[in-house]
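What follows is structure.cif (mmCIF, C-alpha atoms).
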data_entry
#
loop_
_atom_site.label_atom_id
_atom_site.label_comp_id
_atom_site.auth_asym_id
_atom_site.auth_seq_id
_atom_site.Cartn_x
_atom_site.Cartn_y
_atom_site.Cartn_z
CA VAL A 1381 23.16 14.04 18.71
CA LYS A 1382 21.33 13.90 15.38
CA ILE A 1383 17.95 14.49 17.05
CA GLU A 1384 19.25 17.27 19.30
CA ILE A 1385 20.74 19.18 16.36
CA ARG A 1386 17.52 18.71 14.44
CA LYS A 1387 15.46 20.13 17.32
CA SER A 1388 17.71 23.13 17.66
CA ILE A 1389 17.53 23.81 13.91
CA LEU A 1390 13.73 23.74 14.02
CA ARG A 1391 13.62 25.94 17.13
CA SER A 1392 15.89 28.54 15.60
CA ASN A 1393 13.79 28.44 12.41
CA ASP A 1394 10.59 29.00 14.38
CA GLU A 1395 12.03 32.12 16.00
CA LYS A 1396 12.99 33.54 12.61
CA ALA A 1397 9.57 32.63 11.23
CA GLN A 1398 7.90 34.65 13.97
CA LYS A 1399 10.05 37.63 13.04
CA ASN A 1400 9.08 37.13 9.38
CA ALA A 1401 5.39 37.04 10.36
CA ARG A 1402 5.70 40.43 12.06
CA LEU A 1403 7.55 41.82 9.03
CA PHE A 1404 4.87 40.55 6.64
CA GLU A 1405 2.14 42.07 8.79
CA SER A 1406 3.82 45.46 8.93
CA GLU A 1407 4.31 45.36 5.15
CA LYS A 1408 0.64 44.40 4.65
CA LEU A 1409 1.62 41.31 2.74
CA ALA A 1410 -0.45 38.15 2.89
CA VAL A 1411 2.23 35.53 2.37
CA ILE A 1412 1.32 32.15 0.91
CA ASN A 1413 3.71 29.20 1.19
CA VAL A 1414 3.05 27.00 -1.84
CA MET A 1415 4.14 23.40 -1.45
CA GLY A 1416 3.80 20.31 -3.65
CA SER A 1417 5.57 17.55 -5.57
CA PRO A 1418 7.94 18.32 -8.42
CA GLY A 1419 5.72 18.92 -11.43
CA ALA A 1420 2.44 19.40 -9.53
CA GLY A 1421 2.03 22.69 -11.40
CA LYS A 1422 2.92 25.18 -8.66
CA THR A 1423 4.33 27.80 -11.02
CA SER A 1424 1.47 27.60 -13.52
CA PHE A 1425 -1.02 27.92 -10.68
CA ILE A 1426 0.77 30.99 -9.30
CA LEU A 1427 0.73 32.55 -12.78
CA LYS A 1428 -3.03 32.05 -13.07
CA LEU A 1429 -3.58 33.45 -9.58
CA ALA A 1430 -1.48 36.51 -10.43
CA LYS A 1431 -3.80 37.30 -13.34
CA VAL A 1432 -6.75 37.61 -10.96
CA LEU A 1433 -5.27 38.96 -7.74
CA GLY A 1434 -2.64 41.09 -9.49
CA LYS A 1435 -5.39 43.31 -10.90
CA LYS A 1436 -6.35 44.57 -7.45
CA TYR A 1437 -3.25 44.06 -5.33
CA THR A 1438 0.49 43.99 -5.30
CA PHE A 1439 1.59 40.50 -6.29
CA GLY A 1440 5.15 39.25 -5.88
CA VAL A 1441 6.77 35.82 -6.01
CA ILE A 1442 9.76 34.14 -4.41
CA GLU A 1443 10.77 31.05 -6.37
CA ALA A 1444 12.81 28.28 -4.80
CA ASP A 1445 14.55 25.52 -6.70
CA VAL A 1446 17.52 23.28 -6.15
CA ALA A 1447 18.94 24.60 -9.42
CA SER A 1448 18.00 26.75 -12.44
CA ARG A 1449 16.07 29.98 -12.99
CA ILE A 1450 13.40 28.35 -15.15
CA ASP A 1451 10.48 29.23 -12.87
CA ALA A 1452 11.64 32.77 -12.12
CA ASP A 1453 11.99 33.43 -15.85
CA LYS A 1454 8.42 32.25 -16.43
CA ILE A 1455 7.07 34.52 -13.71
CA SER A 1456 9.19 37.43 -14.84
CA SER A 1457 8.02 37.08 -18.46
CA ALA A 1458 4.50 37.70 -17.19
CA GLY A 1459 5.65 41.03 -15.76
CA ILE A 1460 5.46 39.87 -12.14
CA PRO A 1461 8.19 40.83 -9.63
CA VAL A 1462 10.10 37.68 -8.75
CA PHE A 1463 13.23 36.63 -6.90
CA GLN A 1464 14.82 33.20 -7.39
CA ILE A 1465 16.45 31.29 -4.52
CA ASN A 1466 18.64 28.30 -5.44
CA THR A 1467 19.15 25.93 -2.52
CA ASP A 1468 21.90 23.98 -4.29
CA GLY A 1469 20.78 20.59 -2.95
CA GLY A 1470 18.72 21.79 0.02
CA CYS A 1471 15.29 20.15 0.07
CA HIS A 1472 13.28 23.00 1.65
CA LEU A 1473 13.23 26.72 2.34
CA GLU A 1474 14.08 28.09 5.79
CA ALA A 1475 12.72 31.24 7.40
CA SER A 1476 16.16 32.87 7.34
CA MET A 1477 16.19 32.88 3.52
CA ILE A 1478 13.11 35.05 3.16
CA PRO A 1479 13.83 38.62 4.46
CA SER A 1480 16.71 39.32 2.04
CA ALA A 1481 14.71 37.88 -0.87
CA LEU A 1482 11.75 40.09 0.02
CA LYS A 1483 14.01 43.12 0.18
CA LYS A 1484 15.28 42.45 -3.33
CA LEU A 1485 11.73 42.08 -4.63
CA GLU A 1486 11.04 45.73 -3.75
CA ILE A 1487 7.28 45.29 -3.47
CA LYS A 1488 4.89 47.27 -1.31
CA GLY A 1489 1.65 46.05 0.31
CA PRO A 1490 -1.23 45.75 0.50
CA GLY A 1491 -1.02 42.58 -1.48
CA PHE A 1492 0.22 39.05 -1.84
CA LEU A 1493 3.61 37.42 -1.70
CA LEU A 1494 3.64 33.87 -3.04
CA ILE A 1495 6.55 31.70 -1.97
CA GLU A 1496 6.98 28.64 -4.16
CA ASN A 1497 8.79 26.11 -2.02
CA ILE A 1498 11.07 23.31 -3.28
CA GLY A 1499 9.17 20.52 -5.07
CA ASN A 1500 8.97 18.00 -2.25
CA LEU A 1501 6.17 16.48 -0.15
CA ILE A 1502 8.26 15.90 2.96
CA CYS A 1503 10.97 18.38 3.95
CA PRO A 1504 9.22 21.77 3.50
CA SER A 1505 6.36 21.01 5.90
CA GLU A 1506 8.37 21.30 9.10
CA PHE A 1507 9.87 24.68 8.26
CA ASP A 1508 7.54 27.56 9.02
CA LEU A 1509 8.41 30.65 6.96
CA GLY A 1510 6.11 32.99 8.90
CA GLU A 1511 3.45 32.66 6.20
CA ALA A 1512 -0.21 33.62 6.55
CA LEU A 1513 -1.35 30.55 4.63
CA ARG A 1514 0.16 27.33 3.45
CA ILE A 1515 -1.32 25.54 0.50
CA VAL A 1516 -0.45 22.14 -0.88
CA ILE A 1517 -0.85 21.59 -4.61
CA SER A 1518 -1.40 18.00 -5.63
CA SER A 1519 -2.21 16.95 -9.19
CA VAL A 1520 -4.37 14.29 -10.78
CA PRO A 1521 -1.53 12.43 -12.56
CA GLU A 1522 0.28 11.98 -9.23
CA GLY A 1523 -2.52 9.71 -8.10
CA HIS A 1524 -5.11 9.77 -5.34
CA ASP A 1525 -2.85 8.12 -2.79
CA LYS A 1526 -0.57 11.08 -2.11
CA PRO A 1527 -2.35 12.33 1.06
CA ALA A 1528 -2.30 8.82 2.52
CA LYS A 1529 1.39 8.42 1.76
CA TYR A 1530 2.53 11.92 2.82
CA PRO A 1531 0.12 12.85 5.62
CA GLY A 1532 2.44 15.35 7.32
CA ILE A 1533 2.34 18.02 4.64
CA PHE A 1534 -1.43 17.72 4.14
CA SER A 1535 -2.11 17.93 7.89
CA SER A 1536 -0.73 21.47 8.13
CA ALA A 1537 -2.30 22.88 4.93
CA ASP A 1538 -4.83 25.75 5.02
CA ALA A 1539 -6.05 24.72 1.58
CA VAL A 1540 -5.42 21.82 -0.79
CA ILE A 1541 -5.42 22.35 -4.54
CA LEU A 1542 -6.08 19.36 -6.78
CA ASN A 1543 -4.51 20.61 -10.00
CA LYS A 1544 -4.67 19.28 -13.61
CA ILE A 1545 -8.30 18.28 -13.15
CA ASP A 1546 -8.58 18.49 -16.95
CA LEU A 1547 -6.61 15.22 -17.14
CA LEU A 1548 -9.22 13.29 -15.13
CA PRO A 1549 -10.69 11.53 -18.21
CA TYR A 1550 -7.32 9.97 -19.05
CA LEU A 1551 -6.40 8.67 -15.61
CA ASP A 1552 -7.72 6.43 -12.87
CA PHE A 1553 -8.15 8.87 -10.02
CA ASP A 1554 -10.41 8.21 -7.03
CA ARG A 1555 -11.52 11.66 -5.80
CA GLU A 1556 -13.31 10.24 -2.80
CA PHE A 1557 -10.21 8.40 -1.60
CA PHE A 1558 -8.14 11.55 -2.15
CA VAL A 1559 -10.48 13.80 -0.16
CA ASN A 1560 -11.10 11.26 2.60
CA SER A 1561 -7.37 10.77 3.17
CA ILE A 1562 -6.98 14.53 3.57
CA LYS A 1563 -9.94 14.84 5.94
CA ALA A 1564 -8.45 12.04 8.05
CA VAL A 1565 -5.50 14.28 8.97
CA ASN A 1566 -6.98 17.76 8.43
CA ASP A 1567 -10.68 17.74 9.07
CA GLU A 1568 -11.86 21.15 7.85
CA VAL A 1569 -9.41 22.04 5.09
CA PRO A 1570 -11.04 23.10 1.82
CA VAL A 1571 -10.08 21.17 -1.32
CA PHE A 1572 -10.23 23.04 -4.64
CA GLU A 1573 -10.31 21.10 -7.90
CA VAL A 1574 -8.64 23.37 -10.44
CA SER A 1575 -6.95 23.37 -13.81
CA SER A 1576 -4.17 25.87 -14.36
CA LYS A 1577 -4.44 24.96 -18.03
CA THR A 1578 -8.13 25.71 -18.60
CA GLY A 1579 -8.46 28.16 -15.70
CA ARG A 1580 -11.17 26.13 -14.00
CA SER A 1581 -11.92 27.26 -10.41
CA ILE A 1582 -9.04 29.74 -10.31
CA ARG A 1583 -11.52 32.56 -9.55
CA LEU A 1584 -13.20 30.49 -6.88
CA PHE A 1585 -9.89 29.98 -5.14
CA SER A 1586 -8.85 33.63 -5.60
CA SER A 1587 -12.04 34.81 -3.86
CA TRP A 1588 -11.43 32.41 -1.00
CA VAL A 1589 -7.85 33.64 -0.61
CA GLU A 1590 -8.88 37.28 -0.77
CA LYS A 1591 -11.48 36.76 1.95
CA ILE A 1592 -9.24 34.80 4.27
CA SER A 1593 -6.35 37.26 3.82
CA LYS A 1594 -8.25 40.36 4.96
CA LYS A 1595 -6.28 40.54 8.18
CA TRP A 1596 -3.13 41.26 6.17
CA ILE A 1597 -4.28 43.20 3.13
CA GLU A 1598 -7.03 45.43 4.52
CA ARG A 1599 -5.74 47.52 7.32
CA VAL B 946 28.72 21.42 13.24
CA LYS B 947 25.81 20.84 10.86
CA ILE B 948 28.16 20.10 7.93
CA GLU B 949 30.44 17.87 10.02
CA ILE B 950 27.51 15.76 11.27
CA ARG B 951 26.22 15.51 7.71
CA LYS B 952 29.58 14.31 6.42
CA SER B 953 29.86 11.69 9.14
CA ILE B 954 26.32 10.44 8.42
CA LEU B 955 27.15 10.05 4.73
CA ARG B 956 30.48 8.35 5.51
CA SER B 957 28.86 5.87 7.83
CA ASN B 958 26.15 5.21 5.22
CA ASP B 959 28.77 4.56 2.54
CA GLU B 960 30.44 1.92 4.70
CA LYS B 961 27.14 0.14 5.26
CA ALA B 962 26.36 0.40 1.54
CA GLN B 963 29.60 -1.39 0.72
CA LYS B 964 28.64 -4.19 3.09
CA ASN B 965 25.22 -4.38 1.43
CA ALA B 966 26.88 -4.59 -1.99
CA ARG B 967 28.89 -7.63 -0.86
CA LEU B 968 25.77 -9.21 0.60
CA PHE B 969 23.81 -8.68 -2.64
CA GLU B 970 26.64 -10.18 -4.66
CA SER B 971 26.86 -13.26 -2.48
CA GLU B 972 23.07 -13.67 -2.69
CA LYS B 973 23.19 -13.28 -6.49
CA LEU B 974 20.74 -10.41 -6.37
CA ALA B 975 20.92 -7.54 -8.84
CA VAL B 976 19.56 -4.71 -6.71
CA ILE B 977 17.90 -1.74 -8.38
CA ASN B 978 17.33 1.49 -6.45
CA VAL B 979 14.24 3.12 -7.98
CA MET B 980 13.96 6.85 -7.39
CA GLY B 981 11.51 9.52 -8.59
CA SER B 982 8.93 12.15 -7.63
CA PRO B 983 5.79 11.25 -5.72
CA GLY B 984 3.38 9.92 -8.33
CA ALA B 985 5.94 9.33 -11.09
CA GLY B 986 4.63 5.77 -11.32
CA LYS B 987 7.41 3.85 -9.59
CA THR B 988 5.17 1.10 -8.24
CA SER B 989 3.27 0.55 -11.49
CA PHE B 990 6.58 0.35 -13.36
CA ILE B 991 7.94 -2.23 -10.91
CA LEU B 992 4.76 -4.28 -11.33
CA LYS B 993 5.17 -4.30 -15.12
CA LEU B 994 8.83 -5.23 -14.82
CA ALA B 995 7.97 -8.07 -12.46
CA LYS B 996 5.70 -9.59 -15.12
CA VAL B 997 8.64 -9.90 -17.51
CA LEU B 998 11.64 -10.54 -15.28
CA GLY B 999 9.69 -12.56 -12.72
CA LYS B 1000 9.13 -15.31 -15.30
CA LYS B 1001 12.85 -16.13 -15.44
CA TYR B 1002 14.23 -14.96 -12.13
CA THR B 1003 13.50 -14.40 -8.48
CA PHE B 1004 11.90 -10.99 -8.13
CA GLY B 1005 11.43 -9.24 -4.78
CA VAL B 1006 10.56 -5.70 -3.77
CA ILE B 1007 11.32 -3.43 -0.83
CA GLU B 1008 8.82 -0.58 -0.67
CA ALA B 1009 9.61 2.65 1.18
CA ASP B 1010 7.05 5.28 2.11
CA VAL B 1011 6.72 7.93 4.76
CA ALA B 1012 3.42 6.32 5.74
CA SER B 1013 0.93 3.63 4.61
CA ARG B 1014 1.21 0.13 3.14
CA ILE B 1015 -0.56 1.06 -0.10
CA ASP B 1016 2.34 0.18 -2.40
CA ALA B 1017 3.28 -3.01 -0.58
CA ASP B 1018 -0.33 -4.18 -0.81
CA LYS B 1019 -0.34 -3.56 -4.57
CA ILE B 1020 2.86 -5.56 -5.04
CA SER B 1021 1.70 -8.31 -2.73
CA SER B 1022 -1.63 -8.67 -4.57
CA ALA B 1023 0.38 -9.50 -7.67
CA GLY B 1024 1.96 -12.42 -5.80
CA ILE B 1025 5.38 -10.78 -5.51
CA PRO B 1026 7.40 -11.02 -2.26
CA VAL B 1027 7.47 -7.52 -0.73
CA PHE B 1028 8.53 -5.81 2.48
CA GLN B 1029 7.30 -2.31 3.41
CA ILE B 1030 9.53 0.19 5.22
CA ASN B 1031 7.82 3.26 6.72
CA THR B 1032 10.26 6.09 7.40
CA ASP B 1033 7.75 8.08 9.46
CA GLY B 1034 8.85 11.45 8.09
CA GLY B 1035 12.29 10.49 6.80
CA CYS B 1036 12.82 11.64 3.21
CA HIS B 1037 15.12 8.85 1.98
CA LEU B 1038 16.27 5.30 2.63
CA GLU B 1039 19.61 4.58 4.27
CA ALA B 1040 21.85 1.57 3.71
CA SER B 1041 21.32 0.37 7.29
CA MET B 1042 17.58 -0.19 6.65
CA ILE B 1043 18.13 -2.77 3.92
CA PRO B 1044 19.68 -5.97 5.40
CA SER B 1045 16.85 -6.67 7.87
CA ALA B 1046 14.24 -5.93 5.18
CA LEU B 1047 15.98 -8.34 2.80
CA LYS B 1048 16.05 -11.01 5.51
CA LYS B 1049 12.30 -10.72 6.01
CA LEU B 1050 11.70 -11.01 2.27
CA GLU B 1051 13.16 -14.54 2.30
CA ILE B 1052 14.10 -14.55 -1.37
CA LYS B 1053 16.92 -16.45 -3.02
CA GLY B 1054 18.95 -15.42 -6.05
CA PRO B 1055 19.71 -15.46 -8.86
CA GLY B 1056 17.34 -12.62 -9.50
CA PHE B 1057 16.31 -9.06 -8.89
CA LEU B 1058 15.57 -7.01 -5.81
CA LEU B 1059 13.82 -3.74 -6.58
CA ILE B 1060 14.01 -1.08 -3.88
CA GLU B 1061 11.43 1.65 -4.34
CA ASN B 1062 12.82 4.68 -2.56
CA ILE B 1063 10.79 7.51 -0.99
CA GLY B 1064 9.10 9.76 -3.59
CA ASN B 1065 11.55 12.63 -3.66
CA LEU B 1066 13.96 14.07 -6.26
CA ILE B 1067 16.48 15.39 -3.74
CA CYS B 1068 17.22 13.44 -0.56
CA PRO B 1069 17.55 9.84 -1.83
CA SER B 1070 20.35 10.59 -4.30
CA GLU B 1071 23.11 11.02 -1.72
CA PHE B 1072 22.42 7.78 0.10
CA ASP B 1073 23.99 4.77 -1.58
CA LEU B 1074 22.19 1.55 -0.64
CA GLY B 1075 24.82 -0.74 -2.17
CA GLU B 1076 22.68 -1.17 -5.28
CA ALA B 1077 23.87 -2.52 -8.64
CA LEU B 1078 21.86 0.05 -10.55
CA ARG B 1079 19.99 3.22 -9.77
CA ILE B 1080 17.19 4.35 -12.03
CA VAL B 1081 15.27 7.59 -11.94
CA ILE B 1082 11.64 7.51 -13.07
CA SER B 1083 10.32 10.81 -14.35
CA SER B 1084 6.88 11.19 -15.93
CA VAL B 1085 5.43 13.27 -18.73
CA PRO B 1086 2.90 15.20 -16.56
CA GLU B 1087 5.73 16.38 -14.28
CA GLY B 1088 7.09 18.44 -17.14
CA HIS B 1089 10.30 18.46 -19.18
CA ASP B 1090 12.13 20.74 -16.76
CA LYS B 1091 12.70 18.21 -13.95
CA PRO B 1092 16.28 17.24 -14.94
CA ALA B 1093 17.26 20.94 -15.17
CA LYS B 1094 15.74 21.65 -11.76
CA TYR B 1095 16.96 18.54 -9.94
CA PRO B 1096 20.29 17.76 -11.66
CA GLY B 1097 21.78 15.86 -8.71
CA ILE B 1098 19.56 12.81 -8.87
CA PHE B 1099 19.78 12.55 -12.68
CA SER B 1100 23.56 12.84 -12.63
CA SER B 1101 23.99 9.57 -10.72
CA ALA B 1102 21.37 7.51 -12.59
CA ASP B 1103 22.30 4.40 -14.59
CA ALA B 1104 19.08 4.73 -16.56
CA VAL B 1105 16.29 7.29 -16.80
CA ILE B 1106 12.70 6.19 -17.38
CA LEU B 1107 10.28 8.70 -18.88
CA ASN B 1108 7.01 7.19 -17.76
CA LYS B 1109 3.37 7.92 -18.74
CA ILE B 1110 4.41 8.52 -22.35
CA ASP B 1111 0.78 7.71 -23.29
CA LEU B 1112 -0.20 11.14 -21.89
CA LEU B 1113 2.03 12.98 -24.36
CA PRO B 1114 -0.88 14.09 -26.62
CA TYR B 1115 -2.57 15.91 -23.75
CA LEU B 1116 0.43 17.84 -22.42
CA ASP B 1117 3.09 20.26 -23.56
CA PHE B 1118 6.24 18.25 -23.11
CA ASP B 1119 9.51 19.07 -24.86
CA ARG B 1120 11.35 15.73 -25.19
CA GLU B 1121 14.46 17.35 -26.60
CA PHE B 1122 14.76 19.73 -23.66
CA PHE B 1123 14.21 16.82 -21.27
CA VAL B 1124 16.89 14.62 -22.83
CA ASN B 1125 19.39 17.45 -23.34
CA SER B 1126 19.13 18.48 -19.68
CA ILE B 1127 19.91 14.91 -18.66
CA LYS B 1128 22.84 14.62 -21.06
CA ALA B 1129 24.26 17.86 -19.65
CA VAL B 1130 24.84 16.16 -16.30
CA ASN B 1131 25.05 12.48 -17.30
CA ASP B 1132 26.39 12.13 -20.79
CA GLU B 1133 25.86 8.45 -21.62
CA VAL B 1134 22.83 7.47 -19.60
CA PRO B 1135 20.11 5.72 -21.61
CA VAL B 1136 16.62 7.26 -21.54
CA PHE B 1137 13.65 4.89 -21.98
CA GLU B 1138 10.26 6.29 -22.92
CA VAL B 1139 7.74 3.91 -21.42
CA SER B 1140 4.13 3.60 -20.37
CA SER B 1141 3.36 1.42 -17.39
CA LYS B 1142 -0.28 1.70 -18.44
CA THR B 1143 -0.01 0.43 -22.04
CA GLY B 1144 3.18 -1.56 -21.45
CA ARG B 1145 5.13 0.34 -24.08
CA SER B 1146 8.89 -0.33 -24.01
CA ILE B 1147 8.74 -2.37 -20.82
CA ARG B 1148 10.31 -5.32 -22.66
CA LEU B 1149 12.99 -3.10 -24.15
CA PHE B 1150 13.96 -1.91 -20.68
CA SER B 1151 13.77 -5.43 -19.21
CA SER B 1152 16.22 -6.73 -21.81
CA TRP B 1153 18.59 -3.87 -21.08
CA VAL B 1154 18.42 -4.57 -17.35
CA GLU B 1155 18.93 -8.29 -17.82
CA LYS B 1156 22.00 -7.71 -19.95
CA ILE B 1157 23.58 -5.16 -17.64
CA SER B 1158 22.88 -7.26 -14.54
CA LYS B 1159 24.73 -10.37 -15.72
CA LYS B 1160 27.51 -9.81 -13.22
CA TRP B 1161 25.03 -10.44 -10.38
CA ILE B 1162 22.56 -12.95 -11.75
CA GLU B 1163 24.73 -15.27 -13.84
CA ARG B 1164 27.45 -16.72 -11.78
#

Can I see the file as structure tokens?
Amino acid sequence: VKIEIRKSILRSNDEKAQKNARLFESEKLAVINVMGSPGAGKTSFILKLAKVLGKKYTFGVIEADVASRIDADKISSAGIPVFQINTDGGCHLEASMIPSALKKLEIKGPGFLLIENIGNLICPSEFDLGEALRIVISSVPEGHDKPAKYPGIFSSADAVILNKIDLLPYLDFDREFFVNSIKAVNDEVPVFEVSSKTGRSIRLFSSWVEKISKKWIER
Amino acid sequence: VKIEIRKSILRSNDEKAQKNARLFESEKLAVINVMGSPGAGKTSFILKLAKVLGKKYTFGVIEADVASRIDADKISSAGIPVFQINTDGGCHLEASMIPSALKKLEIKGPGFLLIENIGNLICPSEFDLGEALRIVISSVPEGHDKPAKYPGIFSSADAVILNKIDLLPYLDFDREFFVNSIKAVNDEVPVFEVSSKTGRSIRLFSSWVEKISKKWIER
């Protein structure tokens, strides 16, 4: 019974995700599903990205957390349209939660909608939101073994961000092991080493995103 | 249906947890359920604890990960009895997984059994394993907002460890905000600021654990 219910939940989510994908396309929004551990720096990274991409395009954010409005307040203080979803114990976003949140955001394409998922390396990966891209943010202090321990979420990523690269001198982090473990489950995915603190490689990633999102934003 | 199934899963888990608790008591094992984000430093902390407590008592470890034997290999290299559980996508341990793992460990009390749960701040908190104590390990690079964002897991902790305190100089971390957010949901829980790298306050925590575990280990 448990497995059957699970399958039917995922099937119903997939249908809603396909509807979302059509909605995003018609709104000319390149939607990025941002996943990562608690404290990987998802919000800070989104803020840095907004500074670059927000100059040329619409840029909106949906924030998801179990509790609190901390992240939405940060985004909002930077003058970026944001809507906060609280899952109240739920460990991932589902496709059904997105359309009403987007409506409340009141943004118009062409541009980007960043969806910051719940801080979790397991649950969010199975739930498609209809996004154009999914990125996984990992961070140096979490250690190089995360892709080996949580292969599922890395296997479906369109890009991997290794954040907090400025902390490398203070930690034992084996970049080769990190990258090789990712390549083992996701052969061609690009890995960007960035620092949301110093700004390192934020422009590099922004250019990559802009290029790969043409289908959505330039029509 | 979803909620009903969920309730029945939790009820059945609680019954098995009670059985586990009786088993642990009869084996004179103080069992500690160690929870925290991916990369909070759970394994390194357990290794440091083993060096202190392992001198006086039996000390065994059950490691849980979605995939890989990385953590079990680390523990095993230190000469500590360990059994690895792979949940293959599951985001938490359940009480039913413990008795067979304990059997394979072949340890004898009086002493400690550390169970390192899946790296996740949401799912593990609802599943009682029959443990004597549950501790949540948070770390400085994760940021001071974790207790405010994931109140559930902090509310049921018997102790909170703030790990990687040696990285404090390189990060913006508001200790007062961190502690106050914990106290808001768990008034009397002790918070230990430790570094598994430098060893800071490991002895302080070990003494606390030894004292509070007397019911299990001294009979």

- Task: Determine the residue set returned by the PyMOL selection byres ((chain B and resi 1160) around 12) for the present structure, and present it as a VMD selection string.
- Result: chain B and resid 969 to 971 973 to 976 1055 to 1056 1077 to 1078 1154 to 1159 1161 to 1164

With the cut-off set at 8 Å and counting only C-alpha atoms, tabulate each residue of chain A with an atom at most that distance from an atom of chain B, showing the nearest atom pair and its distance in Å to one decimal, ordered by chain and increasing number, as CSV.
residue,atom,partner,partner_atom,distance
A:Lys1382,CA,B:Ile950,CA,7.7
A:Ile1385,CA,B:Lys947,CA,7.7
A:Ser1417,CA,B:Pro983,CA,6.3
A:Pro1418,CA,B:Ser982,CA,6.3
A:Gly1419,CA,B:Glu1087,CA,3.8
A:Ala1420,CA,B:Glu1087,CA,6.5
A:Gly1421,CA,B:Glu1087,CA,7.9
A:Asp1445,CA,B:Lys1094,CA,6.5
A:Val1446,CA,B:Tyr1095,CA,6.1
A:Ala1447,CA,B:Lys1094,CA,4.9
A:Ser1448,CA,B:Lys1094,CA,5.6
A:Ile1450,CA,B:Lys1094,CA,7.9
A:Gly1469,CA,B:Ile1067,CA,6.8
A:Gly1470,CA,B:Ile1067,CA,7.8
A:Cys1471,CA,B:Ile1067,CA,6.2
A:Asn1500,CA,B:Asn1065,CA,6.1
A:Leu1501,CA,B:Asn1065,CA,7.5
A:Ile1502,CA,B:Cys1036,CA,6.2
A:Cys1503,CA,B:Cys1036,CA,7.0
A:Pro1521,CA,B:Pro1086,CA,6.6
A:Glu1522,CA,B:Gly984,CA,3.8
A:Gly1523,CA,B:Gly984,CA,5.9
A:Asp1525,CA,B:Ile1015,CA,7.9
A:Lys1526,CA,B:Pro983,CA,7.3
A:Ala1528,CA,B:Ser1013,CA,6.5
A:Lys1529,CA,B:Ala1012,CA,4.9
A:Tyr1530,CA,B:Val1011,CA,6.1
A:Pro1531,CA,B:Ala1012,CA,7.3
A:Gly1532,CA,B:Gly1034,CA,7.5
A:Leu1547,CA,B:Tyr1115,CA,7.8
A:Tyr1550,CA,B:Leu1112,CA,7.8

- Picked residues, the PyMOL selection byres ((chain B and resi 1062) around 7), expected as a list in words: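 When the PyMOL selection byres ((chain B and resi 1062) around 7) is applied, the selected residues are Asn978, Val979, Met980, Glu1008, Ala1009, His1037, Leu1038, Ile1060, Glu1061, Ile1063 and Gly1064 of chain B.
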
- If you measure from atom CA of B:Gly1075 to atom CA of B:Leu1058, what distance in Å do you get, rounded to one decimal?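 For atom CA of B:Gly1075 relative to atom CA of B:Leu1058, the distance reads 11.8 Å.
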
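Relative to atom CA of A:Ile1442, atom CA of B:Ile1082 is found at 28.1 Å.
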
- Message: Just the number, please: distance in Å from atom CA of B:Ala962 to atom CA of B:Leu1107, one decimal.
- Response: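 Interatomic distance here is 27.3 Å.
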
- Given the file shown, enumerate the residues that the PyMOL selection byres ((chain A and resi 1430) around 12) captures and present them as a VMD selection string. chain A and resid 1423 to 1429 1431 to 1441 1455 to 1456 1458 to 1462 1491 to 1494 1576 1582 to 1583 1585 to 1586

Selection to disk with C-alpha atoms, as an mmCIF file, in the frame of the given file:
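The resulting file, again_28.cif, is reproduced below:
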data_model
loop_
_atom_site.group_PDB
_atom_site.id
_atom_site.type_symbol
_atom_site.label_atom_id
_atom_site.label_comp_id
_atom_site.auth_asym_id
_atom_site.auth_seq_id
_atom_site.Cartn_x
_atom_site.Cartn_y
_atom_site.Cartn_z
ATOM 1 C CA THR A 1423 4.330 27.800 -11.020
ATOM 2 C CA SER A 1424 1.470 27.600 -13.520
ATOM 3 C CA PHE A 1425 -1.020 27.920 -10.680
ATOM 4 C CA ILE A 1426 0.770 30.990 -9.300
ATOM 5 C CA LEU A 1427 0.730 32.550 -12.780
ATOM 6 C CA LYS A 1428 -3.030 32.050 -13.070
ATOM 7 C CA LEU A 1429 -3.580 33.450 -9.580
ATOM 8 C CA LYS A 1431 -3.800 37.300 -13.340
ATOM 9 C CA VAL A 1432 -6.750 37.610 -10.960
ATOM 10 C CA LEU A 1433 -5.270 38.960 -7.740
ATOM 11 C CA GLY A 1434 -2.640 41.090 -9.490
ATOM 12 C CA LYS A 1435 -5.390 43.310 -10.900
ATOM 13 C CA LYS A 1436 -6.350 44.570 -7.450
ATOM 14 C CA TYR A 1437 -3.250 44.060 -5.330
ATOM 15 C CA THR A 1438 0.490 43.990 -5.300
ATOM 16 C CA PHE A 1439 1.590 40.500 -6.290
ATOM 17 C CA GLY A 1440 5.150 39.250 -5.880
ATOM 18 C CA VAL A 1441 6.770 35.820 -6.010
ATOM 19 C CA ILE A 1455 7.070 34.520 -13.710
ATOM 20 C CA SER A 1456 9.190 37.430 -14.840
ATOM 21 C CA ALA A 1458 4.500 37.700 -17.190
ATOM 22 C CA GLY A 1459 5.650 41.030 -15.760
ATOM 23 C CA ILE A 1460 5.460 39.870 -12.140
ATOM 24 C CA PRO A 1461 8.190 40.830 -9.630
ATOM 25 C CA VAL A 1462 10.100 37.680 -8.750
ATOM 26 C CA GLY A 1491 -1.020 42.580 -1.480
ATOM 27 C CA PHE A 1492 0.220 39.050 -1.840
ATOM 28 C CA LEU A 1493 3.610 37.420 -1.700
ATOM 29 C CA LEU A 1494 3.640 33.870 -3.040
ATOM 30 C CA SER A 1576 -4.170 25.870 -14.360
ATOM 31 C CA ILE A 1582 -9.040 29.740 -10.310
ATOM 32 C CA ARG A 1583 -11.520 32.560 -9.550
ATOM 33 C CA PHE A 1585 -9.890 29.980 -5.140
ATOM 34 C CA SER A 1586 -8.850 33.630 -5.600
#
